[in-house]
Every structure is written in C-alpha cells, then in structure tokens.
Amino acid sequence: TSVLAGLYNKAIKAQMKPMINEAARGGLSLNVGCSNLKFGITVGGYHDKATLLLFKAVEEVKKFHISESEFNTFKESKLSQYESAIKCLPLKQALNVSEAILINTKHTPVENYEALRKVSYDEFIAFADSLLKEVYFEVMMAGNMQYNVARELYQEIKQSIAAKVYPKSDHDQKKVFVLDGANGPYEISEASPMLGNGIVLTIEQGDMTLRKRAAQMILGKGIEHDFFYNLRTKQQ
C-alpha cells in the first residue's frame with residue numbers, strides 16, 4: 001500500500017499542478033496526497049475563494065484517472081527515485097534499515113523498489129478509485145469563522161465526497177517496536193555496495209516525555225563537537 005500511495009502522490013500532484021499553480025498566484029496553497037496512513041486535502045491562505053478551491057480539489061480527486069502510458073512514466077520515475085536511494089551513503093542506508101525495523105509504516109528503498117516493480121496498471125487504478133469510497137473524516141479548520149459556519153462547511157464536505165463510513169476499528173495504526181531490554185542488546189548488519197560505513201545506535205528510553213526529549217537535545221549538542229573532532233579531525 002505504501003508504494004501505491006507514493007505513486008499516487010506523484011500522479012495526483014502532476015494532474016493537479018495547474019490548479020495548484022493557479023491557487024498559488026491567488027495567494028492560496030493547495031496540497032493533496034497520502035501520508036502517515038491518511039489521505040488529505042489541505043487548503044491554506046487568506047482568501048474568500050479558499051472554500052471554492054477546496055471543493056474543486058475534491059472534484060478533481062474524484063475524477064482522477066491516468067492512462068497506462070502515463071502510469072508507466074510515473075512508475076519509472078518513482079523506481080528511479082528508489083534506485084537512487086539504494087545507492088545513497090551507507091549512513092543513510094543504515095538509518096533506513098533502522099526505521100524499517102522500528103516503525104511498521106517504514107520500508108527500505110530496496111523493499112519499496114521490489115514492491116513497486118510488481119505493481120500493475122489495473123492494481124494502481126483500483127487503489128486510486130478506492131480512496132474516497134470509504135472515508136473516516138478528520139477535518140480541522142482554523143481562521144476567522146464562527147462555529148456554525150465551520151460546522152456547515154464540514155457537512156458540505158461530507159456531502160460532496162459522498163462516501164461510506166470507514167470504521168475506525170478497521171484503521172491501520174502506526175506502531176513503534178519497543179526494544180526488549182531484558183534480552184538485548186541487538187546487532188543487525190547489512191552489506192552495502194557503496195564505499196564507507198554507517199552505524200546507528202538506538203537506545204530504548206520508554207515512553208516519550210518532554211523532559212526526556214529535552215535531555216536528548218541537550219545531550220546531542222553536548223557530544224556533537226566531540227564526535228566531529230574525533231571522526232573528522234583526530235582520526236584523519
């Protein structure tokens with residue numbers, strides 16, 4: 001699903017580029033695409049046509065369709081991106097592997113490349129057509145508007161999309177793998193065709209708190225100079 005979402009992002013942004021550019025000339029921003037297991041349409045800026053732009057964007061998404069030739073072009077472009085990521089610096093590759101292990105929504109460029117390579121045109125069109133068939137609405141509005149106006153706009157958005165309800169119980173959830181301190185530490189090694197080495201150290205600290213995050217940031221600043229001095233100056 002993640003590679004289909006990535007491919008869809010590339011295709012829908014290309015198809016809606018004229019609308020996005022026109023909105024920008026009028027002082028509005030428009031963003032459409034899939035991210036973090038969600039599909040979103042975002043309109044920003046101070047303009048009385050913002051609501052109209054939102055509904056036009058919804059209609060554009062509903063009628064989205066590309067030819068097989070266009071699909072192949074977007075697919076090749078996305079495959080090329082994944083192929084470039086496979087050949088990135090070893091440290092970046094190590095970070096990719098680490099994220100893929102710890103976060104269930106992350107995948108390595110190699111995994112993405114192999115998955116996308118097998119995606120057919122029909123499979124992609126079925127994915128795109130299904131995006132607004134079942135929907136769980138999360139709408140946030142900010143600005144100078146009264147509650148009743150915002151509520152009315154929300155109802156109009158729901159009617160415009162006219163989708164079935166996507167039960168919250170069916171939602172995929174983003175999860176982070178918790179390291180087992182009793183049996184660790186763990187070491188994972190991956191070979192890379194690129195020159196150099198990359199090492200990622202992951203330390204389990206339990207539930208996230210602002211206090212822990214602040215301590216991490218202070219520690220990072222404290223050891224940054226020593227790391228740079230030892231690795232770039234002293235060892236060279």
# chains A, B, ... in the order shown; residues from 1 in each chain; ligands from 1

call {"tool": "residues_around", "arguments": {"residues": "Thr202 in chain A", "least_positions_apart": "5", "cutoff": "12 Å", "atoms": "only C-alpha atoms", "output": "compact mmCIF listing (two decimals) with C-alpha atoms, in the first residue's frame"}}
result
# COMPACT_ATOMS: atom_id res chain seq x y z
CA ALA A 94 21.67 2.35 8.00
CA LEU A 95 19.04 4.88 9.05
CA VAL A 97 17.13 -0.10 7.86
CA SER A 98 16.76 1.11 11.44
CA GLU A 99 13.48 2.91 10.68
CA ILE A 101 12.73 -2.30 11.81
CA LEU A 102 11.36 0.07 14.43
CA PHE A 177 8.67 -1.53 18.02
CA VAL A 178 9.73 -1.45 21.67
CA LEU A 179 13.14 -2.97 22.27
CA GLY A 181 15.87 -4.60 27.39
CA GLY A 184 19.34 -7.05 24.31
CA PRO A 185 21.46 -5.52 23.06
CA TYR A 186 20.79 -6.44 19.42
CA GLU A 187 23.11 -6.07 16.46
CA ILE A 188 21.96 -6.09 12.83

call {"tool": "residues_around", "arguments": {"residues": "Glu60 in chain A", "least_positions_apart": "2", "cutoff": "12 Å", "atoms": "only C-alpha atoms", "output": "list in words"}}
result
Ile12, Lys13, Ala14, Gln15, Met16, Lys17, Pro18, Met19, Ile20, Val32, Ile41, Leu53, Leu54, Phe55, Lys56, Ala57, Val58, Lys62, Lys63, Phe64, His65, Leu132, Ser160 and Ile161 of chain A

call {"tool": "write_last_selection", "arguments": {"atoms": "C-alpha atoms", "output": "CSV table (one decimal), in the first residue's frame"}}
result
chain,number,residue,atom,x,y,z
A,12,ILE,CA,-2.2,13.3,-8.5
A,13,LYS,CA,0.2,16.2,-7.9
A,14,ALA,CA,1.1,16.2,-11.6
A,15,GLN,CA,-2.5,16.1,-12.7
A,16,MET,CA,-3.5,18.9,-10.3
A,17,LYS,CA,-0.4,21.1,-10.9
A,18,PRO,CA,-2.4,23.7,-13.0
A,19,MET,CA,-4.8,24.1,-10.1
A,20,ILE,CA,-2.0,24.2,-7.5
A,32,VAL,CA,-3.2,16.8,-2.0
A,41,ILE,CA,-6.5,17.7,1.1
A,53,LEU,CA,-10.8,25.8,-4.1
A,54,LEU,CA,-11.4,23.0,-1.6
A,55,PHE,CA,-14.5,21.8,-3.4
A,56,LYS,CA,-12.8,22.0,-6.8
A,57,ALA,CA,-9.9,19.9,-5.4
A,58,VAL,CA,-12.3,17.3,-4.1
A,62,LYS,CA,-12.9,12.1,-7.5
A,63,LYS,CA,-12.4,12.1,-11.3
A,64,PHE,CA,-8.7,11.3,-11.1
A,65,HIS,CA,-7.6,8.9,-13.9
A,132,LEU,CA,-12.8,8.0,-1.5
A,160,SER,CA,-19.5,16.5,-1.7
A,161,ILE,CA,-17.4,13.3,-1.1

call {"tool": "closest_residue", "arguments": {"among": "A:Tyr46, A:Tyr166, A:Tyr8, A:Phe127", "to": "Gly26 in chain A", "atoms": "only C-alpha atoms"}}
result
A:Tyr46

call {"tool": "closest_residue", "arguments": {"among": "A:Lys38, A:Lys78, A:Ala215, A:Glu59", "to": "Ile157 in chain A", "atoms": "only C-alpha atoms"}}
result
A:Glu59

call {"tool": "select_by_dssp", "arguments": {"residues": "range 153-236 of chain A", "states": "helix (DSSP H, G or I)", "output": "VMD selection string"}}
result
chain A and resid 153 to 161 168 to 170 210 to 234

call {"tool": "closest_residue", "arguments": {"among": "A:Thr1, A:Ser120, A:Asn112, A:Gln173", "to": "Ser84 in chain A", "atoms": "only C-alpha atoms"}}
result
A:Asn112

call {"tool": "closest_residue", "arguments": {"among": "A:Thr42, A:Lys118, A:Asp129, A:Leu89", "to": "Val61 in chain A", "atoms": "only C-alpha atoms"}}
result
A:Asp129

call {"tool": "closest_residue", "arguments": {"among": "A:Thr105, A:Asn183, A:Gln159, A:Gln216", "to": "Asn36 in chain A", "atoms": "only C-alpha atoms"}}
result
A:Thr105
